[in-house]
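What follows is the content of final_0.cif, which has mmCIF, C-alpha atoms:
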```
data_input
#
loop_
_atom_site.group_PDB
_atom_site.id
_atom_site.type_symbol
_atom_site.label_atom_id
_atom_site.label_comp_id
_atom_site.auth_asym_id
_atom_site.auth_seq_id
_atom_site.Cartn_x
_atom_site.Cartn_y
_atom_site.Cartn_z
ATOM 1 C CA MET A 1 95.394 104.900 -50.634
ATOM 2 C CA SER A 2 93.506 102.170 -52.463
ATOM 3 C CA SER A 3 94.534 98.564 -51.877
ATOM 4 C CA GLU A 4 95.522 98.183 -55.515
ATOM 5 C CA ASN A 5 98.218 100.840 -55.027
ATOM 6 C CA ASN A 6 99.405 99.366 -51.730
ATOM 7 C CA ILE A 7 101.557 96.761 -53.430
ATOM 8 C CA THR A 8 104.100 96.473 -50.624
ATOM 9 C CA GLU A 9 101.369 95.109 -48.343
ATOM 10 C CA SER A 10 99.926 92.681 -50.873
ATOM 11 C CA GLU A 11 99.918 88.930 -50.312
ATOM 12 C CA SER A 12 103.151 87.028 -50.898
ATOM 13 C CA LEU A 13 103.251 85.012 -54.114
ATOM 14 C CA TYR A 14 104.254 81.972 -52.062
ATOM 15 C CA ARG A 15 101.987 79.846 -49.894
ATOM 16 C CA ASP A 16 102.983 77.951 -46.759
ATOM 17 C CA ILE A 17 106.529 79.252 -46.650
ATOM 18 C CA ASP A 18 106.725 77.983 -43.067
ATOM 19 C CA LYS A 19 106.596 74.462 -44.492
ATOM 20 C CA MET A 20 109.363 74.970 -47.082
ATOM 21 C CA SER A 21 112.804 73.423 -46.807
ATOM 22 C CA THR A 22 115.685 75.790 -46.058
ATOM 23 C CA ARG A 23 116.922 75.474 -49.650
ATOM 24 C CA ASP A 24 113.486 76.330 -51.053
ATOM 25 C CA ILE A 25 113.202 79.382 -48.807
ATOM 26 C CA LEU A 26 116.589 80.679 -49.910
ATOM 27 C CA GLU A 27 116.025 80.005 -53.595
ATOM 28 C CA LYS A 28 112.590 81.657 -53.578
ATOM 29 C CA ILE A 29 113.983 84.747 -51.815
ATOM 30 C CA ASN A 30 116.699 84.871 -54.444
ATOM 31 C CA ASP A 31 114.111 84.492 -57.208
ATOM 32 C CA GLU A 32 112.348 87.562 -55.850
ATOM 33 C CA ASP A 33 115.614 89.500 -55.565
ATOM 34 C CA LEU A 34 116.286 88.884 -59.258
ATOM 35 C CA LYS A 35 113.243 91.017 -60.059
ATOM 36 C CA ILE A 36 114.760 94.145 -58.501
ATOM 37 C CA VAL A 37 117.466 95.095 -61.011
ATOM 38 C CA PRO A 38 115.130 95.642 -64.008
ATOM 39 C CA VAL A 39 112.924 97.798 -61.786
ATOM 40 C CA ILE A 40 115.890 99.994 -60.843
ATOM 41 C CA ARG A 41 116.852 100.312 -64.509
ATOM 42 C CA SER A 42 113.386 101.686 -65.259
ATOM 43 C CA VAL A 43 113.743 104.530 -62.729
ATOM 44 C CA ILE A 44 117.224 105.648 -63.803
ATOM 45 C CA PRO A 45 115.829 108.755 -65.593
ATOM 46 C CA ALA A 46 114.400 109.977 -62.279
ATOM 47 C CA ILE A 47 117.633 109.164 -60.413
ATOM 48 C CA GLU A 48 119.606 110.988 -63.129
ATOM 49 C CA LYS A 49 117.478 114.098 -62.721
ATOM 50 C CA LEU A 50 117.932 114.027 -58.961
ATOM 51 C CA VAL A 51 121.707 113.605 -59.240
ATOM 52 C CA GLU A 52 122.009 116.603 -61.549
ATOM 53 C CA GLU A 53 119.853 118.804 -59.310
ATOM 54 C CA VAL A 54 121.728 117.777 -56.157
ATOM 55 C CA VAL A 55 125.084 118.522 -57.785
ATOM 56 C CA ILE A 56 123.925 122.027 -58.736
ATOM 57 C CA ARG A 57 122.850 122.698 -55.146
ATOM 58 C CA MET A 58 125.851 121.112 -53.439
ATOM 59 C CA ASN A 59 128.179 123.178 -55.607
ATOM 60 C CA LYS A 60 126.493 126.187 -53.986
ATOM 61 C CA GLY A 61 127.014 124.799 -50.481
ATOM 62 C CA GLY A 62 123.761 122.871 -50.242
ATOM 63 C CA ARG A 63 123.294 119.628 -48.355
ATOM 64 C CA LEU A 64 121.551 116.338 -49.079
ATOM 65 C CA PHE A 65 119.101 115.132 -46.434
ATOM 66 C CA TYR A 66 117.619 111.647 -46.203
ATOM 67 C CA ILE A 67 114.571 111.261 -43.995
ATOM 68 C CA GLY A 68 112.743 108.040 -43.195
ATOM 69 C CA ALA A 69 111.387 105.715 -40.525
ATOM 70 C CA GLY A 70 112.418 102.185 -39.573
ATOM 71 C CA THR A 71 114.406 100.339 -42.230
ATOM 72 C CA SER A 72 114.079 103.251 -44.662
ATOM 73 C CA GLY A 73 115.525 105.674 -42.135
ATOM 74 C CA ARG A 74 118.358 103.320 -41.244
ATOM 75 C CA LEU A 75 119.336 102.837 -44.877
ATOM 76 C CA GLY A 76 119.531 106.603 -45.353
ATOM 77 C CA ILE A 77 121.763 106.898 -42.307
ATOM 78 C CA VAL A 78 124.023 104.089 -43.538
ATOM 79 C CA ASP A 79 124.464 105.793 -46.905
ATOM 80 C CA ALA A 80 125.108 109.199 -45.344
ATOM 81 C CA SER A 81 127.619 107.803 -42.858
ATOM 82 C CA GLU A 82 129.745 106.288 -45.639
ATOM 83 C CA ILE A 83 130.323 109.568 -47.478
ATOM 84 C CA PRO A 84 133.001 111.117 -45.208
ATOM 85 C CA PRO A 85 135.333 108.081 -45.063
ATOM 86 C CA THR A 86 134.845 107.159 -48.718
ATOM 87 C CA TYR A 87 134.944 110.598 -50.315
ATOM 88 C CA GLY A 88 136.500 112.821 -47.633
ATOM 89 C CA LEU A 89 133.457 115.079 -47.497
ATOM 90 C CA ASP A 90 132.508 116.580 -44.131
ATOM 91 C CA HIS A 91 129.741 114.836 -42.156
ATOM 92 C CA GLY A 92 127.540 117.906 -42.518
ATOM 93 C CA PHE A 93 126.888 117.563 -46.248
ATOM 94 C CA VAL A 94 124.948 114.274 -46.482
ATOM 95 C CA ILE A 95 122.706 113.801 -43.464
ATOM 96 C CA GLY A 96 120.404 110.920 -42.559
ATOM 97 C CA LEU A 97 117.439 111.460 -40.228
ATOM 98 C CA ILE A 98 115.211 108.776 -38.720
ATOM 99 C CA ALA A 99 111.863 109.014 -36.937
ATOM 100 C CA GLY A 100 112.521 108.735 -33.223
ATOM 101 C CA GLY A 101 116.077 110.072 -33.412
ATOM 102 C CA ASP A 102 119.386 108.238 -33.195
ATOM 103 C CA GLY A 103 118.011 105.789 -30.646
ATOM 104 C CA ALA A 104 115.726 104.408 -33.350
ATOM 105 C CA ILE A 105 118.721 103.253 -35.379
ATOM 106 C CA ARG A 106 119.019 100.198 -33.130
ATOM 107 C CA LYS A 107 115.583 99.953 -31.539
ATOM 108 C CA ALA A 108 112.171 100.896 -32.915
ATOM 109 C CA VAL A 109 110.564 103.953 -31.308
ATOM 110 C CA GLU A 110 106.814 103.437 -31.098
ATOM 111 C CA LYS A 111 104.571 105.806 -33.048
ATOM 112 C CA ALA A 112 107.415 108.192 -33.926
ATOM 113 C CA GLU A 113 106.685 107.764 -37.623
ATOM 114 C CA ASP A 114 103.002 108.631 -37.187
ATOM 115 C CA ASN A 115 103.595 112.309 -36.348
ATOM 116 C CA GLU A 116 103.521 114.511 -39.452
ATOM 117 C CA GLU A 117 105.187 117.460 -37.700
ATOM 118 C CA LEU A 118 108.257 115.673 -36.327
ATOM 119 C CA GLY A 119 109.990 115.246 -39.684
ATOM 120 C CA TRP A 120 109.966 118.948 -40.458
ATOM 121 C CA ASN A 121 111.013 119.730 -36.875
ATOM 122 C CA ASP A 122 114.033 117.460 -37.290
ATOM 123 C CA LEU A 123 114.987 119.217 -40.534
ATOM 124 C CA GLN A 124 114.618 122.658 -38.979
ATOM 125 C CA ALA A 125 117.264 121.756 -36.409
ATOM 126 C CA TYR A 126 119.735 121.954 -39.311
ATOM 127 C CA SER A 127 118.571 125.399 -40.494
ATOM 128 C CA ILE A 128 117.544 123.869 -43.813
ATOM 129 C CA ASP A 129 117.406 126.294 -46.746
ATOM 130 C CA ARG A 130 116.761 126.583 -50.493
ATOM 131 C CA TYR A 131 120.109 125.103 -51.549
ATOM 132 C CA ASP A 132 119.407 121.856 -49.693
ATOM 133 C CA THR A 133 117.653 118.745 -50.990
ATOM 134 C CA VAL A 134 115.326 116.495 -48.989
ATOM 135 C CA VAL A 135 114.854 112.874 -50.054
ATOM 136 C CA GLY A 136 111.999 111.097 -48.286
ATOM 137 C CA ILE A 137 112.413 107.326 -48.087
ATOM 138 C CA ALA A 138 109.317 105.226 -47.408
ATOM 139 C CA ALA A 139 108.523 101.890 -49.021
ATOM 140 C CA SER A 140 104.799 102.382 -48.425
ATOM 141 C CA GLY A 141 104.742 106.031 -49.482
ATOM 142 C CA ARG A 142 102.374 106.830 -46.631
ATOM 143 C CA THR A 143 104.603 107.442 -43.577
ATOM 144 C CA PRO A 144 103.362 110.689 -41.932
ATOM 145 C CA TYR A 145 106.818 111.602 -40.547
ATOM 146 C CA VAL A 146 108.260 111.577 -44.070
ATOM 147 C CA ILE A 147 105.234 113.084 -45.817
ATOM 148 C CA GLY A 148 105.155 116.033 -43.421
ATOM 149 C CA ALA A 149 108.840 116.731 -43.927
ATOM 150 C CA LEU A 150 108.539 116.783 -47.718
ATOM 151 C CA LYS A 151 105.340 118.801 -47.658
ATOM 152 C CA ARG A 152 106.840 121.558 -45.490
ATOM 153 C CA ALA A 153 110.107 121.578 -47.420
ATOM 154 C CA ARG A 154 108.374 121.903 -50.763
ATOM 155 C CA GLU A 155 106.200 124.741 -49.473
ATOM 156 C CA ARG A 156 109.470 126.597 -48.836
ATOM 157 C CA ASN A 157 110.860 125.931 -52.332
ATOM 158 C CA ILE A 158 113.347 123.345 -51.112
ATOM 159 C CA LEU A 159 113.937 120.562 -53.655
ATOM 160 C CA THR A 160 112.205 117.346 -52.636
ATOM 161 C CA ALA A 161 112.450 113.782 -53.879
ATOM 162 C CA CYS A 162 111.171 110.451 -52.678
ATOM 163 C CA ILE A 163 112.078 106.784 -52.918
ATOM 164 C CA THR A 164 109.069 104.498 -52.609
ATOM 165 C CA SER A 165 107.805 101.133 -53.825
ATOM 166 C CA ASN A 166 104.125 102.008 -54.222
ATOM 167 C CA PRO A 167 102.671 104.094 -57.063
ATOM 168 C CA SER A 168 100.384 107.113 -56.676
ATOM 169 C CA THR A 169 101.013 107.722 -52.979
ATOM 170 C CA GLU A 170 100.655 110.789 -50.769
ATOM 171 C CA LEU A 171 104.449 110.960 -50.480
ATOM 172 C CA GLU A 172 104.845 111.087 -54.245
ATOM 173 C CA LYS A 173 102.523 114.113 -54.392
ATOM 174 C CA HIS A 174 104.994 116.146 -52.357
ATOM 175 C CA ALA A 175 108.113 115.139 -54.305
ATOM 176 C CA ASP A 176 109.510 117.293 -57.105
ATOM 177 C CA ILE A 177 111.386 114.197 -58.258
ATOM 178 C CA PRO A 178 109.596 110.951 -57.347
ATOM 179 C CA ILE A 179 111.542 107.708 -57.671
ATOM 180 C CA VAL A 180 108.930 104.951 -57.652
ATOM 181 C CA ALA A 181 110.547 101.511 -57.787
ATOM 182 C CA VAL A 182 107.643 99.050 -57.702
ATOM 183 C CA THR A 183 109.254 95.843 -56.469
ATOM 184 C CA GLY A 184 106.034 93.883 -55.955
ATOM 185 C CA PRO A 185 104.852 91.669 -53.078
ATOM 186 C CA GLU A 186 107.457 90.611 -50.538
ATOM 187 C CA PHE A 187 108.405 86.974 -49.916
ATOM 188 C CA VAL A 188 107.116 87.414 -46.363
ATOM 189 C CA THR A 189 103.926 89.457 -46.767
ATOM 190 C CA GLY A 190 104.579 93.116 -45.959
ATOM 191 C CA SER A 191 108.249 92.668 -44.977
ATOM 192 C CA THR A 192 109.583 95.695 -46.842
ATOM 193 C CA ARG A 193 113.073 95.347 -45.401
ATOM 194 C CA MET A 194 113.477 92.735 -48.136
ATOM 195 C CA LYS A 195 112.921 93.694 -51.811
ATOM 196 C CA ALA A 196 111.795 97.257 -51.169
ATOM 197 C CA GLY A 197 114.727 97.803 -48.820
ATOM 198 C CA THR A 198 117.175 96.329 -51.305
ATOM 199 C CA ALA A 199 115.845 98.657 -54.003
ATOM 200 C CA GLN A 200 116.259 101.636 -51.667
ATOM 201 C CA LYS A 201 119.864 100.643 -50.954
ATOM 202 C CA LEU A 202 120.670 100.304 -54.663
ATOM 203 C CA ILE A 203 119.141 103.696 -55.452
ATOM 204 C CA LEU A 204 121.004 105.405 -52.601
ATOM 205 C CA ASN A 205 124.266 103.826 -53.775
ATOM 206 C CA MET A 206 123.684 105.186 -57.276
ATOM 207 C CA LEU A 207 122.636 108.618 -56.090
ATOM 208 C CA THR A 208 125.540 109.461 -53.807
ATOM 209 C CA THR A 209 128.171 107.704 -55.917
ATOM 210 C CA ALA A 210 127.154 109.674 -59.005
ATOM 211 C CA VAL A 211 126.934 112.921 -57.016
ATOM 212 C CA MET A 212 130.403 112.428 -55.518
ATOM 213 C CA ILE A 213 131.910 111.663 -58.925
ATOM 214 C CA LYS A 214 130.313 114.787 -60.404
ATOM 215 C CA LEU A 215 131.611 116.850 -57.477
ATOM 216 C CA GLY A 216 135.161 115.758 -58.290
ATOM 217 C CA ARG A 217 135.633 113.419 -55.344
ATOM 218 C CA VAL A 218 136.898 110.640 -57.660
ATOM 219 C CA LYS A 219 139.921 110.678 -60.003
ATOM 220 C CA GLY A 220 139.799 108.124 -62.821
ATOM 221 C CA ASN A 221 138.077 105.387 -60.869
ATOM 222 C CA LYS A 222 139.808 105.945 -57.535
ATOM 223 C CA MET A 223 138.600 107.332 -54.193
ATOM 224 C CA VAL A 224 141.381 109.893 -53.963
ATOM 225 C CA HIS A 225 139.712 111.854 -51.152
ATOM 226 C CA MET A 226 139.137 108.862 -48.844
ATOM 227 C CA GLN A 227 140.033 109.261 -45.197
ATOM 228 C CA LEU A 228 143.007 107.229 -43.983
ATOM 229 C CA THR A 229 141.172 105.673 -41.053
ATOM 230 C CA ASN A 230 142.802 102.222 -41.086
ATOM 231 C CA GLN A 231 145.737 100.266 -42.495
ATOM 232 C CA LYS A 232 143.700 98.865 -45.380
ATOM 233 C CA LEU A 233 142.934 102.366 -46.639
ATOM 234 C CA ILE A 234 146.527 103.511 -46.160
ATOM 235 C CA GLU A 235 147.673 100.564 -48.263
ATOM 236 C CA ARG A 236 145.049 101.331 -50.897
ATOM 237 C CA GLY A 237 146.123 104.974 -51.008
ATOM 238 C CA THR A 238 149.769 104.006 -51.234
ATOM 239 C CA LYS A 239 149.023 101.772 -54.209
ATOM 240 C CA MET A 240 147.154 104.621 -55.946
ATOM 241 C CA ILE A 241 150.145 106.925 -55.591
ATOM 242 C CA VAL A 242 152.569 104.232 -56.791
ATOM 243 C CA GLU A 243 150.448 103.708 -59.914
ATOM 244 C CA GLU A 244 150.003 107.425 -60.560
ATOM 245 C CA LEU A 245 153.578 108.605 -59.951
ATOM 246 C CA GLY A 246 155.626 105.499 -60.640
ATOM 247 C CA ILE A 247 157.514 105.698 -57.347
ATOM 248 C CA ASP A 248 158.250 102.893 -54.875
ATOM 249 C CA SER A 249 155.845 101.947 -52.097
ATOM 250 C CA GLU A 250 157.908 103.358 -49.257
ATOM 251 C CA LYS A 251 158.107 106.812 -50.820
ATOM 252 C CA ALA A 252 154.436 106.690 -51.773
ATOM 253 C CA ARG A 253 153.402 105.785 -48.219
ATOM 254 C CA LYS A 254 155.450 108.609 -46.710
ATOM 255 C CA LEU A 255 153.999 111.046 -49.201
ATOM 256 C CA LEU A 256 150.472 109.882 -48.416
ATOM 257 C CA LEU A 257 150.859 110.165 -44.652
ATOM 258 C CA LEU A 258 152.535 113.554 -44.968
ATOM 259 C CA HIS A 259 149.668 115.079 -46.952
ATOM 260 C CA GLY A 260 146.754 113.090 -45.499
ATOM 261 C CA SER A 261 145.041 112.056 -48.742
ATOM 262 C CA VAL A 262 145.850 110.727 -52.187
ATOM 263 C CA LYS A 263 144.479 113.894 -53.780
ATOM 264 C CA LYS A 264 146.690 116.226 -51.738
ATOM 265 C CA ALA A 265 149.732 113.995 -52.216
ATOM 266 C CA LEU A 266 149.314 114.021 -56.001
ATOM 267 C CA GLU A 267 148.738 117.793 -56.055
ATOM 268 C CA ALA A 268 151.923 118.318 -54.073
ATOM 269 C CA MET A 269 153.909 116.489 -56.768
ATOM 270 C CA ASP A 270 152.449 118.420 -59.727
#
```
Could you render the structure from this file as structure tokens?
Amino acid sequence: MSSENNITESESLYRDIDKMSTRDILEKINDEDLKIVPVIRSVIPAIEKLVEEVVIRMNKGGRLFYIGAGTSGRLGIVDASEIPPTYGLDHGFVIGLIAGGDGAIRKAVEKAEDNEELGWNDLQAYSIDRYDTVVGIAASGRTPYVIGALKRARERNILTACITSNPSTELEKHADIPIVAVTGPEFVTGSTRMKAGTAQKLILNMLTTAVMIKLGRVKGNKMVHMQLTNQKLIERGTKMIVEELGIDSEKARKLLLLHGSVKKALEAMD
């Protein structure tokens, strides 16, 4: 990849940041963060297309896979892990994979991302098929682990997409739906956990939230399928039922705990 396309590795716009005051450092980081939102707006058509294709496949039993290395892999895992408690969907439907396996979530695994075969091997462990979708996440767009996974998946007519912050990359070539959010040089040169990582997080939020809404996991604007894993969520669910049915809190709470979710409680009262 030519240096002009390797924007994530380009020199920071700020000189001598090690000599800045704490306030200057924070304000300059914030200045850079302000540039992200317009970039995300510009790639909404690609995100929209991906959402619609994922919904079609998930309605047929397909799954959504995220695959990445380092920060990119961790962000995919974070997004995937939030789907069951938030939307009550089984853990097996949105799956995050990281180069080096689960141990790499906390500690970097050397050279794991440099093997082009490992990504596809990790996907094969899930018996991936044509109803699934694979989203490769790599700020640079040149991570072999991710490229190999998308390349093999696409060869087998599995829908592929990518989230990257560099244009015209090898990763993009293997994505049916490329999402290229060019966030520019990082405040600390090459530190893509910053702007590029923030852009990835925003895109993942949009993708799975929209997919879950379209799959009927939200009623009105409420998470009616959420799992009741703590008192805060039980109280939230109780409030939803009170508002929907006009009953007192005690009855609503009993109804919620009896049926296990807001959705089931409301269906029982229809």
Please write the residues picked by the PyMOL selection byres ((chain A and resi 171) around 8) on this file as a PyMOL selection string.
chain A and resi 136+141-143+146-147+150+162+169-170+172-175
Rank nothing, just name the residue among A:Leu89, A:Arg130, A:Lys151, A:Val180 nearest to Glu116 (chain A), using all atoms listed in the file.
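Looking only at the distances to Glu116 (chain A), the closest residue turns out to be A:Lys151.
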Let me know the residues the PyMOL selection byres ((chain A and resi 226) around 6) catches in the file above, as a ChimeraX atom specification.
/A:85-88,223-225,227
Ground truth for the PyMOL selection byres ((chain A and resi 237-247) around 9), written as an mmCIF file with C-alpha atoms, keeping the file's coordinate frame:
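Everything below was put into part.cif:
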```cif
data_model
loop_
_atom_site.group_PDB
_atom_site.id
_atom_site.type_symbol
_atom_site.label_atom_id
_atom_site.label_comp_id
_atom_site.auth_asym_id
_atom_site.auth_seq_id
_atom_site.Cartn_x
_atom_site.Cartn_y
_atom_site.Cartn_z
ATOM 1 C CA LYS A 222 139.808 105.945 -57.535
ATOM 2 C CA MET A 223 138.600 107.332 -54.193
ATOM 3 C CA VAL A 224 141.381 109.893 -53.963
ATOM 4 C CA MET A 226 139.137 108.862 -48.844
ATOM 5 C CA LEU A 228 143.007 107.229 -43.983
ATOM 6 C CA LYS A 232 143.700 98.865 -45.380
ATOM 7 C CA LEU A 233 142.934 102.366 -46.639
ATOM 8 C CA ILE A 234 146.527 103.511 -46.160
ATOM 9 C CA GLU A 235 147.673 100.564 -48.263
ATOM 10 C CA ARG A 236 145.049 101.331 -50.897
ATOM 11 C CA ASP A 248 158.250 102.893 -54.875
ATOM 12 C CA SER A 249 155.845 101.947 -52.097
ATOM 13 C CA GLU A 250 157.908 103.358 -49.257
ATOM 14 C CA LYS A 251 158.107 106.812 -50.820
ATOM 15 C CA ALA A 252 154.436 106.690 -51.773
ATOM 16 C CA ARG A 253 153.402 105.785 -48.219
ATOM 17 C CA LYS A 254 155.450 108.609 -46.710
ATOM 18 C CA LEU A 255 153.999 111.046 -49.201
ATOM 19 C CA LEU A 256 150.472 109.882 -48.416
ATOM 20 C CA SER A 261 145.041 112.056 -48.742
ATOM 21 C CA VAL A 262 145.850 110.727 -52.187
ATOM 22 C CA ALA A 265 149.732 113.995 -52.216
ATOM 23 C CA LEU A 266 149.314 114.021 -56.001
ATOM 24 C CA MET A 269 153.909 116.489 -56.768
#
```
Rank A:Ala125, A:Ile95, A:Ala210, A:Ile17 by their smallest atom-to-atom distance to Asp79 (chain A), using only C-alpha atoms, and report the top residue only.
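Nearest to Asp79 (chain A): A:Ile95.
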re CA of Val55 (chain A) and CA of Leu207 (chain A): distance 10.3 Å
Counting all atoms listed in the file, which residues sit no farther than 10 Å from the position (106.0, 101.5, -54.1) in the file's frame? I'd like them as a list in words.
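Residues lying no farther than 10 Å from the given point: Asn5, Asn6, Ile7, Thr8, Glu9, Ala138, Ala139, Ser140, Gly141, Arg142, Ile163, Thr164, Ser165, Asn166, Pro167, Ser168, Thr169, Glu172, Ile179, Val180, Ala181, Val182, Thr183, Gly184, Pro185, Thr192 and Ala196 of chain A.
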As an exercise, work out the distance from CA of Glu52 (chain A) to CA of Lys264 (chain A) in Å and give it to one decimal place.
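CA of Glu52 (chain A) sits 26.6 Å away from CA of Lys264 (chain A).
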If you measure from CA of Arg106 (chain A) to CA of Asn230 (chain A), what distance in Å do you get, rounded to one decimal?
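Rounded to one decimal, the two atoms are 25.2 Å apart.
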Go through A:Asp16, A:Glu117, A:Asp129, A:Asp24 and flag the residue nearest Arg63 (chain A), using only C-alpha atoms for the distances.
A:Asp129
Using all atoms listed in the file: which of A:Ile203, A:Val188, A:Met212, A:Ile25 has the shortest distance to Leu75 (chain A)
A:Ile203
Please report, as lines of an AutoDock Vina configuration file, the centre and edge lengths in Å to one decimal of an axis-aligned box covering all listed atoms of region 185-204 of chain A with 6 Å per side.
```
center_x = 112.5
center_y = 96.2
center_z = -50.2
size_x = 29.1
size_y = 30.4
size_z = 22.5
```
Nearest to Pro178 (chain A) among A:Ala108, A:Leu50, A:Ala199, A:Ile56, with distances taken over all atoms listed in the file: which residue is it?
A:Leu50
List the neighbours of Leu202 (chain A) out to 12 Å using only C-alpha atoms; skip same-chain residues closer than 6 positions along the sequence, and give me the result as a list in words.
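The filter keeps Asp33, Ile36, Val37, Pro38, Val39, Ile40, Arg41, Val43, Ile44, Ile47, Leu75, Gly76, Asp79, Ile163, Ala181, Lys195, Ala196, Thr208 and Thr209 of chain A.
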